[in-house]
$ cat target.json   # JSON, C-alpha atoms
[["chain", "number", "residue", "atom", "x", "y", "z"],
["A", 1, "MET", "CA", -170.25, -97.85, 26.54],
["A", 2, "GLU", "CA", -171.80, -94.92, 24.67],
["A", 3, "PRO", "CA", -173.46, -94.80, 21.24],
["A", 4, "GLY", "CA", -171.18, -93.53, 18.50],
["A", 5, "HIS", "CA", -168.03, -94.78, 20.24],
["A", 6, "VAL", "CA", -168.20, -98.60, 20.28],
["A", 7, "VAL", "CA", -166.65, -100.23, 17.19],
["A", 8, "PRO", "CA", -168.06, -103.71, 16.45],
["A", 9, "MET", "CA", -165.68, -106.66, 16.50],
["A", 10, "LYS", "CA", -164.78, -107.69, 12.95],
["A", 11, "LEU", "CA", -164.65, -111.03, 11.12],
["A", 12, "MET", "CA", -161.56, -112.42, 9.43],
["A", 13, "THR", "CA", -162.17, -114.03, 6.02],
["A", 14, "ALA", "CA", -161.18, -117.71, 5.92],
["A", 15, "GLY", "CA", -160.92, -120.09, 2.99],
["A", 16, "GLU", "CA", -162.09, -123.16, 4.90],
["A", 17, "VAL", "CA", -164.08, -124.08, 7.98],
["A", 18, "PRO", "CA", -161.78, -123.99, 11.05],
["A", 19, "ARG", "CA", -161.69, -126.96, 13.42],
["A", 20, "GLY", "CA", -161.28, -126.84, 17.16],
["A", 21, "ASN", "CA", -163.05, -125.09, 20.02],
["A", 22, "PHE", "CA", -165.50, -123.15, 17.82],
["A", 23, "ILE", "CA", -169.22, -122.57, 17.60],
["A", 24, "TYR", "CA", -170.75, -122.06, 14.17],
["A", 25, "GLN", "CA", -173.52, -119.71, 13.10],
["A", 26, "LEU", "CA", -175.25, -118.66, 9.89],
["A", 27, "LYS", "CA", -173.68, -115.71, 8.07],
["A", 28, "TRP", "CA", -176.53, -113.27, 7.58],
["A", 29, "ASP", "CA", -176.40, -110.80, 4.70],
["A", 30, "GLY", "CA", -177.63, -107.55, 6.21],
["A", 31, "VAL", "CA", -176.58, -104.43, 8.10],
["A", 32, "ARG", "CA", -174.50, -104.77, 11.26],
["A", 33, "MET", "CA", -176.07, -102.92, 14.17],
["A", 34, "LEU", "CA", -175.31, -102.28, 17.83],
["A", 35, "SER", "CA", -178.31, -101.50, 20.02],
["A", 36, "PHE", "CA", -178.01, -99.50, 23.23],
["A", 37, "VAL", "CA", -181.11, -100.53, 25.18],
["A", 38, "SER", "CA", -182.40, -98.91, 28.37],
["A", 39, "VAL", "CA", -185.70, -98.24, 30.09],
["A", 40, "SER", "CA", -185.80, -94.87, 28.33],
["A", 41, "GLY", "CA", -185.54, -96.30, 24.82],
["A", 42, "VAL", "CA", -183.19, -97.64, 22.16],
["A", 43, "ILE", "CA", -180.32, -96.07, 20.23],
["A", 44, "LEU", "CA", -179.03, -97.93, 17.17],
["A", 45, "GLN", "CA", -175.49, -97.53, 15.83],
["A", 46, "ASN", "CA", -173.97, -99.10, 12.71],
["A", 47, "LYS", "CA", -170.39, -100.29, 12.22],
["A", 48, "GLN", "CA", -169.37, -96.87, 10.85],
["A", 49, "LEU", "CA", -170.45, -95.41, 14.23],
["A", 50, "ARG", "CA", -173.42, -93.63, 12.62],
["A", 51, "ILE", "CA", -176.74, -93.47, 14.46],
["A", 52, "ARG", "CA", -179.55, -95.36, 12.70],
["A", 53, "THR", "CA", -182.30, -95.22, 15.33],
["A", 54, "ALA", "CA", -184.88, -93.50, 13.12],
["A", 55, "GLN", "CA", -184.51, -96.02, 10.30],
["A", 56, "TYR", "CA", -185.81, -98.97, 12.34],
["A", 57, "PRO", "CA", -188.73, -97.89, 14.56],
["A", 58, "GLU", "CA", -189.71, -101.57, 15.04],
["A", 59, "LEU", "CA", -186.79, -101.99, 17.42],
["A", 60, "GLN", "CA", -188.11, -99.55, 19.98],
["A", 61, "LYS", "CA", -189.78, -102.66, 21.44],
["A", 62, "LEU", "CA", -186.39, -103.96, 22.66],
["A", 63, "PRO", "CA", -186.73, -102.61, 26.25],
["A", 64, "ARG", "CA", -189.89, -104.72, 26.64],
["A", 65, "LEU", "CA", -187.97, -107.82, 25.52],
["A", 66, "LEU", "CA", -185.05, -107.22, 27.89],
["A", 67, "LYS", "CA", -185.18, -108.77, 31.38],
["A", 68, "ALA", "CA", -182.87, -106.06, 32.70],
["A", 69, "ARG", "CA", -182.75, -102.29, 32.90],
["A", 70, "GLN", "CA", -179.93, -101.80, 30.39],
["A", 71, "ALA", "CA", -177.86, -103.68, 27.81],
["A", 72, "VAL", "CA", -175.65, -103.21, 24.77],
["A", 73, "LEU", "CA", -176.39, -105.79, 22.06],
["A", 74, "ASP", "CA", -174.71, -106.66, 18.76],
["A", 75, "GLY", "CA", -176.49, -108.15, 15.78],
["A", 76, "GLU", "CA", -177.48, -108.02, 12.12],
["A", 77, "ILE", "CA", -180.56, -106.38, 10.63],
["A", 78, "VAL", "CA", -181.96, -108.28, 7.65],
["A", 79, "VAL", "CA", -185.04, -108.18, 5.44],
["A", 80, "PRO", "CA", -186.21, -111.80, 5.04],
["A", 81, "THR", "CA", -187.60, -113.18, 1.80],
["A", 82, "GLU", "CA", -188.41, -116.87, 1.37],
["A", 83, "GLY", "CA", -187.13, -119.53, 3.77],
["A", 84, "LEU", "CA", -183.83, -118.43, 5.28],
["A", 85, "ARG", "CA", -182.97, -116.14, 2.38],
["A", 86, "THR", "CA", -182.66, -112.38, 2.85],
["A", 87, "SER", "CA", -182.62, -109.38, 0.53],
["A", 88, "PHE", "CA", -179.55, -107.17, 0.83],
["A", 89, "GLN", "CA", -181.05, -104.64, -1.59],
["A", 90, "SER", "CA", -184.13, -104.29, 0.61],
["A", 91, "VAL", "CA", -182.24, -103.77, 3.83],
["A", 92, "ILE", "CA", -180.09, -101.12, 2.14],
["A", 93, "ARG", "CA", -183.29, -99.33, 1.09],
["A", 94, "ARG", "CA", -184.36, -99.39, 4.74],
["A", 95, "ASP", "CA", -180.98, -98.17, 5.92],
["A", 96, "PHE", "CA", -180.83, -95.25, 3.47],
["A", 97, "ALA", "CA", -184.36, -94.04, 4.17],
["A", 98, "SER", "CA", -184.60, -90.73, 6.03],
["A", 99, "ASN", "CA", -188.13, -89.44, 5.43],
["A", 100, "PRO", "CA", -190.31, -90.43, 8.44],
["A", 101, "SER", "CA", -193.37, -91.15, 6.28],
["A", 102, "VAL", "CA", -191.31, -93.36, 3.95],
["A", 103, "ILE", "CA", -189.81, -95.18, 6.93],
["A", 104, "LYS", "CA", -193.28, -95.78, 8.34],
["A", 105, "VAL", "CA", -194.47, -97.33, 5.08],
["A", 106, "MET", "CA", -191.30, -99.42, 4.72],
["A", 107, "SER", "CA", -191.71, -100.81, 8.23],
["A", 108, "GLN", "CA", -194.86, -102.46, 6.85],
["A", 109, "THR", "CA", -193.76, -103.34, 3.31],
["A", 110, "LEU", "CA", -190.14, -104.31, 4.13],
["A", 111, "PRO", "CA", -190.26, -105.58, 7.73],
["A", 112, "ILE", "CA", -186.90, -106.33, 9.33],
["A", 113, "HIS", "CA", -185.51, -108.99, 11.63],
["A", 114, "TYR", "CA", -182.83, -108.05, 14.14],
["A", 115, "ILE", "CA", -180.75, -111.19, 14.67],
["A", 116, "ILE", "CA", -178.85, -110.65, 17.93],
["A", 117, "PHE", "CA", -175.60, -112.57, 18.36],
["A", 118, "ASP", "CA", -173.78, -110.91, 21.28],
["A", 119, "ILE", "CA", -174.20, -108.89, 24.47],
["A", 120, "LEU", "CA", -171.46, -106.47, 25.58],
["A", 121, "GLN", "CA", -172.93, -104.80, 28.62],
["A", 122, "LEU", "CA", -175.66, -105.69, 31.10],
["A", 123, "ASP", "CA", -177.10, -103.34, 33.72],
["A", 124, "GLY", "CA", -174.07, -101.09, 33.43],
["A", 125, "GLN", "CA", -171.53, -103.89, 33.81],
["A", 126, "THR", "CA", -169.22, -104.44, 30.84],
["A", 127, "ILE", "CA", -169.00, -108.15, 29.98],
["A", 128, "ALA", "CA", -167.06, -107.89, 26.71],
["A", 129, "THR", "CA", -164.11, -109.76, 28.22],
["A", 130, "THR", "CA", -166.32, -112.62, 29.42],
["A", 131, "PRO", "CA", -165.89, -115.76, 27.24],
["A", 132, "LEU", "CA", -168.28, -115.94, 24.30],
["A", 133, "GLU", "CA", -170.07, -119.06, 25.57],
["A", 134, "GLU", "CA", -170.95, -117.24, 28.80],
["A", 135, "ARG", "CA", -172.06, -114.11, 26.94],
["A", 136, "LEU", "CA", -174.37, -116.21, 24.76],
["A", 137, "SER", "CA", -175.83, -117.83, 27.87],
["A", 138, "LEU", "CA", -176.53, -114.37, 29.31],
["A", 139, "LEU", "CA", -178.02, -113.25, 26.01],
["A", 140, "ARG", "CA", -180.50, -116.12, 26.02],
["A", 141, "ARG", "CA", -181.30, -115.55, 29.67],
["A", 142, "TYR", "CA", -181.99, -111.81, 29.43],
["A", 143, "VAL", "CA", -183.35, -111.25, 25.91],
["A", 144, "ARG", "CA", -186.67, -112.72, 24.81],
["A", 145, "PRO", "CA", -187.19, -112.95, 21.02],
["A", 146, "ASP", "CA", -190.65, -111.83, 19.95],
["A", 147, "GLY", "CA", -190.97, -114.04, 16.87],
["A", 148, "GLU", "CA", -191.65, -110.98, 14.73],
["A", 149, "ASN", "CA", -188.75, -108.52, 14.53],
["A", 150, "VAL", "CA", -186.27, -109.78, 17.13],
["A", 151, "THR", "CA", -184.44, -113.12, 16.92],
["A", 152, "LEU", "CA", -181.49, -114.66, 18.74],
["A", 153, "ILE", "CA", -178.72, -116.31, 16.73],
["A", 154, "GLU", "CA", -178.71, -120.10, 16.62],
["A", 155, "ASP", "CA", -175.47, -122.01, 17.29],
["A", 156, "PHE", "CA", -174.40, -125.22, 15.54],
["A", 157, "PRO", "CA", -171.70, -127.69, 16.67],
["A", 158, "ASP", "CA", -170.72, -129.06, 13.22],
["A", 159, "GLY", "CA", -169.21, -126.39, 10.99],
["A", 160, "LEU", "CA", -168.63, -128.61, 7.97],
["A", 161, "ALA", "CA", -172.24, -129.82, 7.95],
["A", 162, "LEU", "CA", -173.54, -126.27, 8.36],
["A", 163, "TYR", "CA", -171.30, -125.00, 5.55],
["A", 164, "ALA", "CA", -172.55, -127.72, 3.20],
["A", 165, "ALA", "CA", -176.18, -127.05, 4.14],
["A", 166, "THR", "CA", -175.89, -123.29, 3.58],
["A", 167, "LYS", "CA", -174.34, -123.86, 0.17],
["A", 168, "GLU", "CA", -177.23, -126.12, -0.82],
["A", 169, "MET", "CA", -179.73, -123.51, 0.40],
["A", 170, "GLY", "CA", -178.01, -120.72, -1.53],
["A", 171, "MET", "CA", -177.06, -118.76, 1.59],
["A", 172, "GLU", "CA", -174.03, -116.51, 2.00],
["A", 173, "GLY", "CA", -171.99, -118.78, 4.25],
["A", 174, "ILE", "CA", -171.20, -119.33, 7.92],
["A", 175, "VAL", "CA", -169.39, -117.74, 10.85],
["A", 176, "ALA", "CA", -167.00, -119.57, 13.20],
["A", 177, "LYS", "CA", -166.31, -118.11, 16.65],
["A", 178, "GLU", "CA", -163.88, -119.38, 19.28],
["A", 179, "LYS", "CA", -165.92, -120.39, 22.32],
["A", 180, "ALA", "CA", -163.63, -118.65, 24.83],
["A", 181, "SER", "CA", -163.17, -115.46, 22.77],
["A", 182, "ALA", "CA", -163.59, -112.03, 24.29],
["A", 183, "TYR", "CA", -165.35, -109.27, 22.36],
["A", 184, "LEU", "CA", -162.44, -107.31, 20.89],
["A", 185, "SER", "CA", -163.94, -104.02, 19.80],
["A", 186, "GLY", "CA", -162.75, -102.96, 16.33],
["A", 187, "GLU", "CA", -160.30, -105.87, 15.95],
["A", 188, "ARG", "CA", -160.16, -108.52, 13.23],
["A", 189, "THR", "CA", -158.60, -111.78, 14.41],
["A", 190, "SER", "CA", -158.87, -115.52, 13.77],
["A", 191, "LEU", "CA", -161.10, -115.77, 16.87],
["A", 192, "TRP", "CA", -164.01, -114.76, 14.65],
["A", 193, "GLN", "CA", -163.99, -116.01, 11.06],
["A", 194, "LYS", "CA", -166.39, -115.87, 8.11],
["A", 195, "ILE", "CA", -166.41, -118.58, 5.46],
["A", 196, "LYS", "CA", -168.47, -117.47, 2.48],
["A", 197, "HIS", "CA", -169.82, -119.25, -0.57],
["A", 198, "ARG", "CA", -169.11, -117.76, -3.98],
["A", 199, "LEU", "CA", -170.82, -118.36, -7.31],
["A", 200, "ARG", "CA", -168.84, -118.68, -10.53],
["A", 201, "GLU", "CA", -169.99, -118.10, -14.10],
["A", 202, "THR", "CA", -168.62, -117.11, -17.50],
["A", 203, "PHE", "CA", -169.92, -113.87, -19.03],
["A", 204, "ILE", "CA", -169.52, -112.11, -22.35],
["A", 205, "VAL", "CA", -167.58, -108.83, -22.31],
["A", 206, "LEU", "CA", -170.01, -106.30, -23.81],
["A", 207, "GLY", "CA", -167.82, -103.27, -23.19],
["A", 208, "TYR", "CA", -165.54, -101.45, -20.81],
["A", 209, "THR", "CA", -165.01, -98.26, -18.82],
["A", 210, "THR", "CA", -161.78, -96.34, -18.37],
["A", 211, "ARG", "CA", -160.02, -94.17, -15.84],
["A", 212, "ASP", "CA", -157.04, -92.00, -16.79],
["A", 213, "GLY", "CA", -157.00, -93.66, -20.21],
["A", 214, "LEU", "CA", -156.79, -97.23, -18.87],
["A", 215, "VAL", "CA", -159.49, -99.90, -18.71],
["A", 216, "ASN", "CA", -160.74, -100.14, -15.12],
["A", 217, "SER", "CA", -163.87, -102.29, -15.46],
["A", 218, "LEU", "CA", -165.61, -104.63, -17.87],
["A", 219, "VAL", "CA", -169.30, -104.56, -18.79],
["A", 220, "LEU", "CA", -170.71, -108.06, -18.40],
["A", 221, "GLY", "CA", -173.50, -109.69, -20.35],
["A", 222, "SER", "CA", -175.14, -112.92, -21.42],
["A", 223, "ALA", "CA", -176.63, -114.00, -24.75],
["A", 224, "GLU", "CA", -180.43, -114.04, -24.62],
["A", 225, "ALA", "CA", -180.80, -114.94, -28.30],
["A", 226, "GLU", "CA", -178.76, -114.65, -31.50],
["A", 227, "GLY", "CA", -177.43, -111.10, -31.44],
["A", 228, "VAL", "CA", -179.39, -110.17, -28.31],
["A", 229, "TYR", "CA", -177.45, -109.57, -25.09],
["A", 230, "LEU", "CA", -178.52, -108.78, -21.53],
["A", 231, "PHE", "CA", -176.56, -106.55, -19.15],
["A", 232, "LYS", "CA", -175.37, -108.49, -16.08],
["A", 233, "GLY", "CA", -173.25, -105.89, -14.29],
["A", 234, "ARG", "CA", -169.68, -104.71, -14.40],
["A", 235, "ALA", "CA", -166.47, -105.98, -12.82],
["A", 236, "GLY", "CA", -163.10, -104.42, -12.10],
["A", 237, "SER", "CA", -161.87, -106.32, -9.07],
["A", 238, "GLY", "CA", -159.27, -108.93, -10.01],
["A", 239, "LEU", "CA", -157.81, -107.03, -12.96],
["A", 240, "THR", "CA", -154.02, -107.28, -12.86],
["A", 241, "SER", "CA", -151.65, -104.71, -14.34],
["A", 242, "GLU", "CA", -151.03, -107.12, -17.22],
["A", 243, "HIS", "CA", -154.78, -107.45, -17.83],
["A", 244, "ILE", "CA", -155.30, -103.69, -17.77],
["A", 245, "HIS", "CA", -152.61, -102.96, -20.34],
["A", 246, "MET", "CA", -153.71, -105.83, -22.58],
["A", 247, "LEU", "CA", -157.36, -104.77, -22.49],
["A", 248, "THR", "CA", -156.52, -101.10, -22.99],
["A", 249, "ALA", "CA", -154.59, -102.03, -26.14],
["A", 250, "GLU", "CA", -157.05, -104.57, -27.59],
["A", 251, "LEU", "CA", -160.61, -103.64, -26.61],
["A", 252, "PRO", "CA", -160.79, -100.36, -28.58],
["A", 253, "LYS", "CA", -160.17, -102.43, -31.76],
["A", 254, "LEU", "CA", -163.48, -104.21, -31.08],
["A", 255, "HIS", "CA", -165.55, -101.01, -30.71],
["A", 256, "ILE", "CA", -169.11, -101.11, -32.08],
["A", 257, "ALA", "CA", -171.86, -98.49, -32.16],
["A", 258, "SER", "CA", -174.81, -100.46, -30.79],
["A", 259, "ARG", "CA", -175.47, -100.64, -27.05],
["A", 260, "PRO", "CA", -177.38, -103.49, -25.42],
["A", 261, "GLN", "CA", -180.31, -102.58, -23.17],
["A", 262, "GLY", "CA", -179.07, -101.47, -19.76],
["A", 263, "PHE", "CA", -175.56, -100.71, -21.01],
["A", 264, "PRO", "CA", -173.94, -98.06, -18.73],
["A", 265, "LYS", "CA", -173.70, -94.54, -20.13],
["A", 266, "ASP", "CA", -170.02, -94.23, -19.22],
["A", 267, "GLY", "CA", -169.12, -97.48, -21.00],
["A", 268, "THR", "CA", -167.76, -98.16, -24.47],
["A", 269, "PRO", "CA", -169.49, -101.10, -26.26],
["A", 270, "VAL", "CA", -167.40, -103.74, -28.04],
["A", 271, "HIS", "CA", -168.01, -106.72, -30.31],
["A", 272, "PRO", "CA", -168.91, -109.69, -28.04],
["A", 273, "HIS", "CA", -165.71, -111.60, -28.77],
["A", 274, "LEU", "CA", -164.16, -111.94, -25.32],
["A", 275, "GLN", "CA", -165.41, -113.98, -22.34],
["A", 276, "VAL", "CA", -164.51, -113.49, -18.70],
["A", 277, "ASP", "CA", -164.77, -115.94, -15.80],
["A", 278, "ILE", "CA", -166.39, -114.21, -12.80],
["A", 279, "GLU", "CA", -166.67, -115.22, -9.18],
["A", 280, "PHE", "CA", -169.44, -113.36, -7.35],
["A", 281, "MET", "CA", -171.51, -113.39, -4.19],
["A", 282, "GLU", "CA", -175.06, -113.53, -5.54],
["A", 283, "TRP", "CA", -177.55, -112.31, -8.12],
["A", 284, "THR", "CA", -179.28, -109.08, -7.15],
["A", 285, "GLU", "CA", -183.02, -108.55, -7.53],
["A", 286, "ASP", "CA", -182.23, -106.62, -10.75],
["A", 287, "GLY", "CA", -180.50, -109.65, -12.25],
["A", 288, "VAL", "CA", -176.92, -108.40, -12.04],
["A", 289, "VAL", "CA", -173.95, -109.86, -10.19],
["A", 290, "ARG", "CA", -173.05, -108.62, -6.72],
["A", 291, "ALA", "CA", -169.41, -108.28, -5.56],
["A", 292, "PRO", "CA", -167.86, -109.74, -8.75],
["A", 293, "SER", "CA", -164.19, -110.66, -9.09],
["A", 294, "ILE", "CA", -162.42, -111.47, -12.38],
["A", 295, "LYS", "CA", -160.76, -114.89, -12.47],
["A", 296, "GLY", "CA", -159.79, -115.46, -16.11],
["A", 297, "PHE", "CA", -160.39, -114.74, -19.80],
["A", 298, "SER", "CA", -161.12, -116.67, -22.95],
["A", 299, "VAL", "CA", -162.21, -116.07, -26.54],
["A", 300, "ARG", "CA", -165.77, -117.16, -27.25],
["A", 301, "GLY", "CA", -165.82, -120.78, -28.36],
["A", 302, "GLU", "CA", -162.46, -121.54, -26.77],
["A", 303, "GLN", "CA", -161.58, -123.02, -23.36],
["A", 304, "SER", "CA", -161.27, -120.54, -20.51],
["A", 305, "GLY", "CA", -157.79, -119.67, -19.37]]
$ encode --input "target.json" --output "structure tokens"
Amino acid sequence: MEPGHVVPMKLMTAGEVPRGNFIYQLKWDGVRMLSFVSVSGVILQNKQLRIRTAQYPELQKLPRLLKARQAVLDGEIVVPTEGLRTSFQSVIRRDFASNPSVIKVMSQTLPIHYIIFDILQLDGQTIATTPLEERLSLLRRYVRPDGENVTLIEDFPDGLALYAATKEMGMEGIVAKEKASAYLSGERTSLWQKIKHRLRETFIVLGYTTRDGLVNSLVLGSAEAEGVYLFKGRAGSGLTSEHIHMLTAELPKLHIASRPQGFPKDGTPVHPHLQVDIEFMEWTEDGVVRAPSIKGFSVRGEQSG
């Protein structure tokens, strides 16, 4: 197994917690990372097969935490906030950094945790086809977490209880993995599933953007006070062909000149007459929705449809 050539195994999205011969883990919201660890150092590779070694100098300690000469590990890099919450925006800042001096400062101001959840090779022997339960046993035997930057994933036997607990804590969701599953590089099967929580809220349509003359996204907002609106993001996912043609025909009739604070430069503002029901992953640190999807429309003051 060489850096730049190993594709991480993927997760299939599921609508409910699977039952059966599964183990359950927290779904961490970070950057997927393979680590190629040897006595000579560490090479980090993301799921797009790009090398990210320079971005995370903290993980050069991995050889000292490995009770072997060589290993290939799979895990998630996160930037923790309070409790078990993490900041996706912060880990993206870490991942995009390229200036060594900036990276050095960020390693202090935005420290990362590498949560390791699999081991694919050990002392030159490929163990990807070994059942997951056995790989996890080897992982715990040969990798020592340092309590600072390196952590091993925790397993839970009750998926329904874990799913309920993560929803109450405001976490992203859970992962379910078949206990006997092999590590299938690059594949997405029901052996590994992710079950995510989604938030849902109704927003005011403050405007729209177009592509090739058709509406392709809506500018979302909320009412702060009478006549005062706050920008909450934009959404295009979930628009059907019927929606697009209806909005393209009707929204220009609602055009107004004023633009709320934060309104995108490429957007056209409209009278706040229409509401849209949005399902989304979380609020970002900037107070806008992340990964929104449109679920329905209504006129302000009327029941959502």
$ closest_residue --input "target.json" --among "A:Arg141, A:Lys295, A:Lys167, A:Arg85" --to "Phe280 in chain A" --atoms "only C-alpha atoms"
A:Lys295
$ closest_residue --input "target.json" --among "A:Thr202, A:Pro269, A:Ala176, A:Phe156" --to "Ser190 in chain A" --atoms "all atoms listed in the file"
A:Ala176
$ atom_distance --input "target.json" --atom1 "CA of Gln121 in chain A" --atom2 "CA of Leu66 in chain A"
12.4 Å
$ closest_residue --input "target.json" --among "A:Arg50, A:Arg94, A:Arg32, A:Arg290" --to "Gly4 in chain A" --atoms "only C-alpha atoms"
A:Arg50
$ closest_residue --input "target.json" --among "A:Ala180, A:Leu214, A:Leu62, A:Leu206" --to "Ser258 in chain A" --atoms "all atoms listed in the file"
A:Leu206
$ atom_distance --input "target.json" --atom1 "CA of Asp155 in chain A" --atom2 "CA of Val31 in chain A"
19.9 Å
$ atom_distance --input "target.json" --atom1 "CA of Leu152 in chain A" --atom2 "CA of Ile116 in chain A"
4.9 Å
$ closest_residue --input "target.json" --among "A:Leu220, A:Ala291, A:Leu73, A:Leu11" --to "Tyr208 in chain A" --atoms "all atoms listed in the file"
A:Leu220
$ closest_residue --input "target.json" --among "A:Ile256, A:Leu84, A:Val219, A:Ile204" --to "Met169 in chain A" --atoms "all atoms listed in the file"
A:Leu84
$ residues_around --input "target.json" --residues "range 237-242 of chain A" --least-positions-apart "2" --cutoff "8 Å" --atoms "all atoms listed in the file" --output "list of chain:residue names"
A:Asn216, A:Ser217, A:Ala235, A:Ile244, A:His245, A:Met246, A:Pro292, A:Ser293, A:Ile294, A:Lys295
$ residues_near_point --input "target.json" --point "(-178.3, -111.8, -25.1)" --cutoff "12 Å" --atoms "only C-alpha atoms" --output "compact mmCIF listing (two decimals) with C-alpha atoms, in the coordinates of the input"
# COMPACT_ATOMS: atom_id res chain seq x y z
CA PHE A 203 -169.92 -113.87 -19.03
CA ILE A 204 -169.52 -112.11 -22.35
CA VAL A 205 -167.58 -108.83 -22.31
CA LEU A 206 -170.01 -106.30 -23.81
CA LEU A 220 -170.71 -108.06 -18.40
CA GLY A 221 -173.50 -109.69 -20.35
CA SER A 222 -175.14 -112.92 -21.42
CA ALA A 223 -176.63 -114.00 -24.75
CA GLU A 224 -180.43 -114.04 -24.62
CA ALA A 225 -180.80 -114.94 -28.30
CA GLU A 226 -178.76 -114.65 -31.50
CA GLY A 227 -177.43 -111.10 -31.44
CA VAL A 228 -179.39 -110.17 -28.31
CA TYR A 229 -177.45 -109.57 -25.09
CA LEU A 230 -178.52 -108.78 -21.53
CA PHE A 231 -176.56 -106.55 -19.15
CA LYS A 232 -175.37 -108.49 -16.08
CA ARG A 259 -175.47 -100.64 -27.05
CA PRO A 260 -177.38 -103.49 -25.42
CA GLN A 261 -180.31 -102.58 -23.17
CA GLY A 262 -179.07 -101.47 -19.76
CA PRO A 272 -168.91 -109.69 -28.04
$ decode --input "target.json" --residues "range 51-74 of chain A" --atoms "C-alpha atoms" --output "CSV table (one decimal), in the first residue's frame"
chain,number,residue,atom,x,y,z
A,51,ILE,CA,-1.0,14.4,0.1
A,52,ARG,CA,-1.7,16.5,3.2
A,53,THR,CA,1.3,15.7,5.4
A,54,ALA,CA,2.4,19.3,5.7
A,55,GLN,CA,-1.0,20.5,6.9
A,56,TYR,CA,-0.9,18.5,10.1
A,57,PRO,CA,2.6,18.5,11.7
A,58,GLU,CA,1.1,17.3,15.0
A,59,LEU,CA,0.7,13.8,13.5
A,60,GLN,CA,4.4,13.3,13.0
A,61,LYS,CA,4.3,11.8,16.5
A,62,LEU,CA,2.4,8.7,15.2
A,63,PRO,CA,5.5,6.5,14.9
A,64,ARG,CA,6.1,6.9,18.6
A,65,LEU,CA,2.5,5.8,19.3
A,66,LEU,CA,2.8,2.7,17.1
A,67,LYS,CA,4.0,-0.6,18.7
A,68,ALA,CA,5.2,-1.8,15.3
A,69,ARG,CA,7.6,-0.6,12.6
A,70,GLN,CA,4.9,0.2,10.0
A,71,ALA,CA,1.1,0.6,9.6
A,72,VAL,CA,-1.5,2.1,7.4
A,73,LEU,CA,-4.3,3.7,9.4
A,74,ASP,CA,-7.7,5.2,8.5
